[in-house]
Amino acid sequence: VRLVESGGGLVQGGGSLSVLCSFTGGTFSGYAMGWFRQAPGKEREFVAAISVSSIETSYADSVKDRFTISRDNAKNTVDLTMNRLKPEDTGVYYCAADLAYSDRLSPYFRMQGSYDYWGQGTQVTVSS
């Protein structure tokens with residue numbers, strides 16, 4: 001399995017940006033997907049997750065009502081649309097795949113160790 005993120009960049013505070021993750025080398029519909037981010041000097045943290053058929057999504061409190069995660073099982077992609085961006089949203093955004101055993105998120109979906117594959121990350125910078 002290979003995950004490749006794209007779409008990062010520089011955006012002004014209050015603006016919007018989407019990052020995309022492309023999945024190859026496996027059966028995309030067999031994986032729950034997550035987004036994590038790492039700010040400079042900080043630990044990598046959970047941002048959002050989506051179950052296999054999109055029946056369940058979950059968000060970190062810091063991004064709830066601003067970010068939306070979605071997936072297209074026909075295109076093998078997962079998207080994170082970010083609105084009302086803040087400087088504290090700055091960081092490297094990572095896509096991750098978690099082998100699924102049901103169509104619900106696992107109890108550990110907020111934990112990095114739950115995920116089997118990771119992308120290389122894409123930089124998102126929000127200016128003030």
# chains A, B, ... in the order shown; residues from 1 in each chain; ligands from 1

call {"tool": "residues_around", "arguments": {"residues": "region 44-53 of chain A", "least_positions_apart": "4", "cutoff": "6 Å", "atoms": "only C-alpha atoms", "output": "count of residues only"}}
result
17

call {"tool": "residues_around", "arguments": {"residues": "region 70-85 of chain A", "least_positions_apart": "3", "cutoff": "9 Å", "atoms": "only C-alpha atoms", "output": "PyMOL selection string"}}
result
chain A and resi 11-24+27-29+33-35+48-50+52-54+57+63+65-67+88-90+95+126

call {"tool": "write_last_selection", "arguments": {"atoms": "N, CA and C atoms", "output": "mmCIF file, in the first residue's frame"}}
result
data_model
loop_
_atom_site.group_PDB
_atom_site.id
_atom_site.type_symbol
_atom_site.label_atom_id
_atom_site.label_comp_id
_atom_site.auth_asym_id
_atom_site.auth_seq_id
_atom_site.Cartn_x
_atom_site.Cartn_y
_atom_site.Cartn_z
ATOM 1 N N VAL A 11 -1.795 29.537 2.840
ATOM 2 C CA VAL A 11 -3.100 30.171 2.775
ATOM 3 C C VAL A 11 -3.203 31.199 3.890
ATOM 4 N N GLN A 12 -3.960 32.239 3.643
ATOM 5 C CA GLN A 12 -4.151 33.272 4.650
ATOM 6 C C GLN A 12 -5.148 32.794 5.708
ATOM 7 N N GLY A 13 -4.989 33.250 6.925
ATOM 8 C CA GLY A 13 -5.934 32.921 7.971
ATOM 9 C C GLY A 13 -7.357 33.263 7.574
ATOM 10 N N GLY A 14 -8.289 32.370 7.869
ATOM 11 C CA GLY A 14 -9.670 32.559 7.472
ATOM 12 C C GLY A 14 -10.002 31.930 6.136
ATOM 13 N N GLY A 15 -8.971 31.516 5.421
ATOM 14 C CA GLY A 15 -9.174 30.929 4.099
ATOM 15 C C GLY A 15 -9.447 29.442 4.149
ATOM 16 N N SER A 16 -9.485 28.835 2.963
ATOM 17 C CA SER A 16 -9.797 27.414 2.826
ATOM 18 C C SER A 16 -8.733 26.711 1.998
ATOM 19 N N LEU A 17 -8.613 25.422 2.231
ATOM 20 C CA LEU A 17 -7.655 24.603 1.499
ATOM 21 C C LEU A 17 -8.109 23.159 1.610
ATOM 22 N N SER A 18 -7.838 22.386 0.570
ATOM 23 C CA SER A 18 -8.112 20.950 0.621
ATOM 24 C C SER A 18 -6.818 20.190 0.396
ATOM 25 N N VAL A 19 -6.665 19.103 1.117
ATOM 26 C CA VAL A 19 -5.560 18.180 0.880
ATOM 27 C C VAL A 19 -6.147 16.835 0.496
ATOM 28 N N LEU A 20 -5.468 16.166 -0.428
ATOM 29 C CA LEU A 20 -5.968 14.915 -0.986
ATOM 30 C C LEU A 20 -4.957 13.811 -0.740
ATOM 31 N N CYS A 21 -5.465 12.612 -0.490
ATOM 32 C CA CYS A 21 -4.600 11.437 -0.315
ATOM 33 C C CYS A 21 -4.995 10.403 -1.363
ATOM 34 N N SER A 22 -4.030 9.945 -2.132
ATOM 35 C CA SER A 22 -4.262 8.906 -3.139
ATOM 36 C C SER A 22 -3.706 7.583 -2.625
ATOM 37 N N PHE A 23 -4.512 6.534 -2.736
ATOM 38 C CA PHE A 23 -4.196 5.210 -2.197
ATOM 39 C C PHE A 23 -3.957 4.263 -3.358
ATOM 40 N N THR A 24 -2.828 3.560 -3.351
ATOM 41 C CA THR A 24 -2.543 2.557 -4.378
ATOM 42 C C THR A 24 -1.944 1.314 -3.739
ATOM 43 N N THR A 27 -6.562 -2.740 -1.459
ATOM 44 C CA THR A 27 -8.011 -2.576 -1.615
ATOM 45 C C THR A 27 -8.470 -1.435 -0.730
ATOM 46 N N PHE A 28 -8.659 -0.279 -1.339
ATOM 47 C CA PHE A 28 -8.966 0.936 -0.582
ATOM 48 C C PHE A 28 -10.198 0.760 0.288
ATOM 49 N N SER A 29 -11.205 0.064 -0.246
ATOM 50 C CA SER A 29 -12.462 -0.075 0.484
ATOM 51 C C SER A 29 -12.329 -1.001 1.695
ATOM 52 N N MET A 33 -9.733 5.419 6.973
ATOM 53 C CA MET A 33 -8.685 6.387 6.667
ATOM 54 C C MET A 33 -8.674 7.512 7.700
ATOM 55 N N GLY A 34 -7.489 8.009 7.953
ATOM 56 C CA GLY A 34 -7.367 9.096 8.916
ATOM 57 C C GLY A 34 -6.411 10.166 8.428
ATOM 58 N N TRP A 35 -6.575 11.347 8.989
ATOM 59 C CA TRP A 35 -5.635 12.450 8.786
ATOM 60 C C TRP A 35 -5.053 12.839 10.137
ATOM 61 N N ALA A 48 -8.765 13.845 11.825
ATOM 62 C CA ALA A 48 -10.068 13.349 11.378
ATOM 63 C C ALA A 48 -9.934 11.911 10.905
ATOM 64 N N ALA A 49 -11.046 11.186 10.910
ATOM 65 C CA ALA A 49 -11.061 9.814 10.420
ATOM 66 C C ALA A 49 -12.408 9.521 9.770
ATOM 67 N N ILE A 50 -12.391 8.546 8.852
ATOM 68 C CA ILE A 50 -13.608 8.159 8.150
ATOM 69 C C ILE A 50 -13.611 6.649 7.982
ATOM 70 N N VAL A 52 -14.987 2.872 6.381
ATOM 71 C CA VAL A 52 -14.865 2.304 5.040
ATOM 72 C C VAL A 52 -15.891 2.854 4.055
ATOM 73 N N SER A 53 -17.155 2.891 4.462
ATOM 74 C CA SER A 53 -18.187 3.361 3.522
ATOM 75 C C SER A 53 -18.701 4.730 3.901
ATOM 76 N N SER A 54 -17.897 5.467 4.688
ATOM 77 C CA SER A 54 -18.224 6.843 5.087
ATOM 78 C C SER A 54 -19.389 6.933 6.060
ATOM 79 N N THR A 57 -17.738 9.299 10.701
ATOM 80 C CA THR A 57 -16.598 10.210 10.672
ATOM 81 C C THR A 57 -16.380 10.746 12.081
ATOM 82 N N VAL A 63 -10.813 21.031 15.298
ATOM 83 C CA VAL A 63 -11.153 21.244 13.885
ATOM 84 C C VAL A 63 -12.625 20.991 13.584
ATOM 85 N N ASP A 65 -16.393 21.260 12.941
ATOM 86 C CA ASP A 65 -17.206 22.320 12.327
ATOM 87 C C ASP A 65 -16.409 23.198 11.366
ATOM 88 N N ARG A 66 -15.105 22.940 11.202
ATOM 89 C CA ARG A 66 -14.299 23.676 10.214
ATOM 90 C C ARG A 66 -13.745 22.749 9.129
ATOM 91 N N PHE A 67 -13.421 21.529 9.506
ATOM 92 C CA PHE A 67 -12.836 20.573 8.572
ATOM 93 C C PHE A 67 -13.852 19.501 8.217
ATOM 94 N N GLU A 88 -2.786 28.266 13.860
ATOM 95 C CA GLU A 88 -2.483 27.058 14.632
ATOM 96 C C GLU A 88 -2.798 25.777 13.874
ATOM 97 N N ASP A 89 -3.402 25.877 12.702
ATOM 98 C CA ASP A 89 -3.605 24.711 11.847
ATOM 99 C C ASP A 89 -2.360 24.396 11.018
ATOM 100 N N THR A 90 -1.365 25.236 11.097
ATOM 101 C CA THR A 90 -0.123 25.022 10.357
ATOM 102 C C THR A 90 0.562 23.731 10.782
ATOM 103 N N CYS A 95 -1.689 11.467 5.796
ATOM 104 C CA CYS A 95 -2.778 10.538 5.545
ATOM 105 C C CYS A 95 -2.364 9.168 6.092
ATOM 106 N N VAL A 126 -0.562 28.374 7.408
ATOM 107 C CA VAL A 126 -1.611 29.385 7.495
ATOM 108 C C VAL A 126 -0.990 30.647 8.069
#

call {"tool": "residues_around", "arguments": {"residues": "Gly8 (chain A)", "least_positions_apart": "3", "cutoff": "6 Å", "atoms": "only C-alpha atoms", "output": "compact mmCIF listing (two decimals) with C-alpha atoms, in the first residue's frame"}}
result
# COMPACT_ATOMS: atom_id res chain seq x y z
CA VAL A 19 -5.56 18.18 0.88
CA THR A 122 2.12 17.60 2.83
CA GLN A 123 2.85 21.03 4.33
CA VAL A 124 0.00 23.38 5.18

call {"tool": "closest_residue", "arguments": {"among": "A:Ala39, A:Val92, A:Ala97, A:Ser128", "to": "Asp116 (chain A)", "atoms": "only C-alpha atoms"}}
result
A:Ala97

call {"tool": "atom_distance", "arguments": {"atom1": "CA of Ser62 (chain A)", "atom2": "CA of Tyr93 (chain A)"}}
result
14.7 Å

call {"tool": "select_by_dssp", "arguments": {"residues": "region 11-126 of chain A", "states": "strand (DSSP E or B)", "output": "tab-separated table (two decimals) with N, CA, C and O atoms, in the first residue's frame"}}
result
chain	number	residue	atom	x	y	z
A	11	VAL	N	-1.80	29.54	2.84
A	11	VAL	CA	-3.10	30.17	2.77
A	11	VAL	C	-3.20	31.20	3.89
A	11	VAL	O	-2.59	31.04	4.96
A	12	GLN	N	-3.96	32.24	3.64
A	12	GLN	CA	-4.15	33.27	4.65
A	12	GLN	C	-5.15	32.79	5.71
A	12	GLN	O	-6.06	32.02	5.40
A	17	LEU	N	-8.61	25.42	2.23
A	17	LEU	CA	-7.66	24.60	1.50
A	17	LEU	C	-8.11	23.16	1.61
A	17	LEU	O	-8.70	22.76	2.61
A	18	SER	N	-7.84	22.39	0.57
A	18	SER	CA	-8.11	20.95	0.62
A	18	SER	C	-6.82	20.19	0.40
A	18	SER	O	-6.01	20.58	-0.44
A	19	VAL	N	-6.67	19.10	1.12
A	19	VAL	CA	-5.56	18.18	0.88
A	19	VAL	C	-6.15	16.84	0.50
A	19	VAL	O	-7.20	16.43	1.01
A	20	LEU	N	-5.47	16.17	-0.43
A	20	LEU	CA	-5.97	14.92	-0.99
A	20	LEU	C	-4.96	13.81	-0.74
A	20	LEU	O	-3.74	14.04	-0.80
A	21	CYS	N	-5.47	12.61	-0.49
A	21	CYS	CA	-4.60	11.44	-0.32
A	21	CYS	C	-5.00	10.40	-1.36
A	21	CYS	O	-6.16	10.02	-1.45
A	22	SER	N	-4.03	9.94	-2.13
A	22	SER	CA	-4.26	8.91	-3.14
A	22	SER	C	-3.71	7.58	-2.63
A	22	SER	O	-2.55	7.53	-2.17
A	23	PHE	N	-4.51	6.53	-2.74
A	23	PHE	CA	-4.20	5.21	-2.20
A	23	PHE	C	-3.96	4.26	-3.36
A	23	PHE	O	-4.81	4.14	-4.25
A	24	THR	N	-2.83	3.56	-3.35
A	24	THR	CA	-2.54	2.56	-4.38
A	24	THR	C	-1.94	1.31	-3.74
A	24	THR	O	-1.44	1.36	-2.60
A	31	TYR	N	-10.07	-0.31	4.06
A	31	TYR	CA	-9.35	0.49	5.05
A	31	TYR	C	-10.17	1.69	5.50
A	31	TYR	O	-10.73	2.42	4.68
A	32	ALA	N	-10.20	1.90	6.80
A	32	ALA	CA	-10.61	3.20	7.33
A	32	ALA	C	-9.43	4.14	7.12
A	32	ALA	O	-8.27	3.71	7.06
A	33	MET	N	-9.73	5.42	6.97
A	33	MET	CA	-8.69	6.39	6.67
A	33	MET	C	-8.67	7.51	7.70
A	33	MET	O	-9.73	7.92	8.22
A	34	GLY	N	-7.49	8.01	7.95
A	34	GLY	CA	-7.37	9.10	8.92
A	34	GLY	C	-6.41	10.17	8.43
A	34	GLY	O	-5.59	9.93	7.53
A	35	TRP	N	-6.58	11.35	8.99
A	35	TRP	CA	-5.64	12.45	8.79
A	35	TRP	C	-5.05	12.84	10.14
A	35	TRP	O	-5.79	12.96	11.13
A	36	PHE	N	-3.76	13.03	10.15
A	36	PHE	CA	-3.05	13.52	11.32
A	36	PHE	C	-2.23	14.73	10.90
A	36	PHE	O	-2.01	14.95	9.71
A	37	ARG	N	-1.77	15.50	11.86
A	37	ARG	CA	-0.90	16.63	11.53
A	37	ARG	C	0.16	16.80	12.61
A	37	ARG	O	-0.02	16.40	13.75
A	38	GLN	N	1.26	17.42	12.19
A	38	GLN	CA	2.35	17.69	13.12
A	38	GLN	C	2.83	19.11	12.94
A	38	GLN	O	3.32	19.47	11.86
A	44	ARG	N	2.80	14.60	16.68
A	44	ARG	CA	1.78	14.42	15.67
A	44	ARG	C	0.45	14.14	16.37
A	44	ARG	O	0.40	13.39	17.34
A	45	GLU	N	-0.62	14.74	15.84
A	45	GLU	CA	-1.92	14.63	16.49
A	45	GLU	C	-3.00	14.23	15.49
A	45	GLU	O	-2.91	14.53	14.29
A	46	PHE	N	-4.04	13.60	16.03
A	46	PHE	CA	-5.19	13.19	15.24
A	46	PHE	C	-5.98	14.41	14.76
A	46	PHE	O	-6.17	15.37	15.52
A	47	VAL	N	-6.47	14.35	13.52
A	47	VAL	CA	-7.30	15.42	12.97
A	47	VAL	C	-8.69	14.90	12.63
A	47	VAL	O	-9.70	15.45	13.08
A	48	ALA	N	-8.76	13.84	11.83
A	48	ALA	CA	-10.07	13.35	11.38
A	48	ALA	C	-9.93	11.91	10.91
A	48	ALA	O	-8.84	11.48	10.52
A	49	ALA	N	-11.05	11.19	10.91
A	49	ALA	CA	-11.06	9.81	10.42
A	49	ALA	C	-12.41	9.52	9.77
A	49	ALA	O	-13.42	10.16	10.09
A	50	ILE	N	-12.39	8.55	8.85
A	50	ILE	CA	-13.61	8.16	8.15
A	50	ILE	C	-13.61	6.65	7.98
A	50	ILE	O	-12.58	6.04	7.70
A	57	THR	N	-17.74	9.30	10.70
A	57	THR	CA	-16.60	10.21	10.67
A	57	THR	C	-16.38	10.75	12.08
A	57	THR	O	-17.30	10.76	12.91
A	58	SER	N	-15.17	11.19	12.33
A	58	SER	CA	-14.87	11.76	13.64
A	58	SER	C	-13.80	12.82	13.47
A	58	SER	O	-12.94	12.70	12.58
A	59	TYR	N	-13.83	13.83	14.35
A	59	TYR	CA	-12.92	14.96	14.24
A	59	TYR	C	-12.33	15.31	15.60
A	59	TYR	O	-12.98	15.14	16.63
A	67	PHE	N	-13.42	21.53	9.51
A	67	PHE	CA	-12.84	20.57	8.57
A	67	PHE	C	-13.85	19.50	8.22
A	67	PHE	O	-14.69	19.13	9.04
A	68	THR	N	-13.74	18.97	6.99
A	68	THR	CA	-14.60	17.87	6.55
A	68	THR	C	-13.74	16.81	5.87
A	68	THR	O	-12.98	17.12	4.94
A	69	ILE	N	-13.89	15.57	6.33
A	69	ILE	CA	-13.20	14.45	5.70
A	69	ILE	C	-14.20	13.72	4.82
A	69	ILE	O	-15.36	13.53	5.19
A	70	SER	N	-13.75	13.31	3.64
A	70	SER	CA	-14.61	12.54	2.74
A	70	SER	C	-13.75	11.58	1.93
A	70	SER	O	-12.53	11.77	1.84
A	71	ARG	N	-14.37	10.57	1.37
A	71	ARG	CA	-13.61	9.60	0.59
A	71	ARG	C	-14.40	9.22	-0.66
A	71	ARG	O	-15.64	9.31	-0.68
A	72	ASP	N	-13.68	8.80	-1.68
A	72	ASP	CA	-14.28	8.33	-2.92
A	72	ASP	C	-13.70	6.94	-3.18
A	72	ASP	O	-12.56	6.82	-3.62
A	77	THR	N	-9.45	7.71	-3.15
A	77	THR	CA	-8.93	8.94	-2.58
A	77	THR	C	-9.69	9.32	-1.31
A	77	THR	O	-10.86	8.97	-1.13
A	78	VAL	N	-9.01	10.06	-0.46
A	78	VAL	CA	-9.64	10.65	0.72
A	78	VAL	C	-9.23	12.11	0.78
A	78	VAL	O	-8.07	12.45	0.54
A	79	ASP	N	-10.20	12.94	1.05
A	79	ASP	CA	-10.01	14.39	0.99
A	79	ASP	C	-10.23	15.00	2.38
A	79	ASP	O	-11.08	14.52	3.15
A	80	LEU	N	-9.46	16.02	2.69
A	80	LEU	CA	-9.70	16.80	3.89
A	80	LEU	C	-9.88	18.24	3.46
A	80	LEU	O	-8.92	18.87	2.97
A	81	THR	N	-11.09	18.74	3.58
A	81	THR	CA	-11.39	20.13	3.24
A	81	THR	C	-11.36	20.96	4.50
A	81	THR	O	-12.06	20.65	5.47
A	82	MET	N	-10.55	22.00	4.47
A	82	MET	CA	-10.31	22.81	5.66
A	82	MET	C	-10.80	24.23	5.43
A	82	MET	O	-10.35	24.90	4.49
A	91	GLY	N	1.04	22.98	9.79
A	91	GLY	CA	1.77	21.75	10.09
A	91	GLY	C	1.89	20.87	8.86
A	91	GLY	O	1.39	21.23	7.79
A	92	VAL	N	2.52	19.73	9.06
A	92	VAL	CA	2.57	18.72	8.02
A	92	VAL	C	1.38	17.80	8.23
A	92	VAL	O	1.19	17.27	9.33
A	93	TYR	N	0.59	17.62	7.18
A	93	TYR	CA	-0.61	16.80	7.25
A	93	TYR	C	-0.33	15.43	6.64
A	93	TYR	O	0.14	15.34	5.50
A	94	TYR	N	-0.62	14.39	7.41
A	94	TYR	CA	-0.35	13.02	7.02
A	94	TYR	C	-1.66	12.25	6.84
A	94	TYR	O	-2.56	12.32	7.69
A	95	CYS	N	-1.69	11.47	5.80
A	95	CYS	CA	-2.78	10.54	5.55
A	95	CYS	C	-2.36	9.17	6.09
A	95	CYS	O	-1.19	8.80	5.99
A	96	ALA	N	-3.32	8.41	6.63
A	96	ALA	CA	-3.01	7.09	7.19
A	96	ALA	C	-4.14	6.12	6.90
A	96	ALA	O	-5.31	6.52	6.84
A	97	ALA	N	-3.80	4.84	6.75
A	97	ALA	CA	-4.77	3.79	6.44
A	97	ALA	C	-4.78	2.74	7.54
A	97	ALA	O	-3.72	2.26	7.97
A	98	ASP	N	-5.97	2.37	7.98
A	98	ASP	CA	-6.18	1.42	9.07
A	98	ASP	C	-7.01	0.25	8.53
A	98	ASP	O	-8.18	0.45	8.18
A	99	LEU	N	-6.43	-0.93	8.46
A	99	LEU	CA	-7.17	-2.10	7.97
A	99	LEU	C	-8.44	-2.28	8.80
A	99	LEU	O	-8.38	-2.35	10.03
A	117	TYR	N	-0.52	2.04	7.49
A	117	TYR	CA	0.26	2.70	6.43
A	117	TYR	C	0.13	4.21	6.56
A	117	TYR	O	-0.93	4.71	6.94
A	118	TRP	N	1.21	4.89	6.17
A	118	TRP	CA	1.28	6.35	6.25
A	118	TRP	C	1.84	6.94	4.96
A	118	TRP	O	2.69	6.32	4.31
A	122	THR	N	2.15	16.40	3.66
A	122	THR	CA	2.12	17.60	2.83
A	122	THR	C	2.02	18.81	3.77
A	122	THR	O	1.28	18.79	4.74
A	123	GLN	N	2.77	19.86	3.44
A	123	GLN	CA	2.85	21.03	4.33
A	123	GLN	C	1.67	21.95	4.11
A	123	GLN	O	1.34	22.30	2.96
A	124	VAL	N	1.05	22.36	5.21
A	124	VAL	CA	0.00	23.38	5.18
A	124	VAL	C	0.48	24.52	6.08
A	124	VAL	O	0.82	24.29	7.24
A	125	THR	N	0.52	25.71	5.52
A	125	THR	CA	0.95	26.88	6.29
A	125	THR	C	-0.13	27.94	6.23
A	125	THR	O	-0.58	28.32	5.14
A	126	VAL	N	-0.56	28.37	7.41
A	126	VAL	CA	-1.61	29.39	7.50
A	126	VAL	C	-0.99	30.65	8.07
A	126	VAL	O	-0.46	30.65	9.18

call {"tool": "closest_residue", "arguments": {"among": "A:Gly25, A:Ala100, A:Lys64, A:Ser6", "to": "Ser114 (chain A)", "atoms": "only C-alpha atoms"}}
result
A:Ala100

call {"tool": "atom_distance", "arguments": {"atom1": "CA of Gly30 (chain A)", "atom2": "CA of Ser102 (chain A)"}}
result
8.9 Å

call {"tool": "atom_distance", "arguments": {"atom1": "CA of Asp61 (chain A)", "atom2": "CA of Phe109 (chain A)"}}
result
14.5 Å

call {"tool": "select_by_dssp", "arguments": {"residues": "chain A", "states": "helix (DSSP H, G or I)", "output": "number ranges by chain"}}
result
A: 28-30, 87-89, 112-114
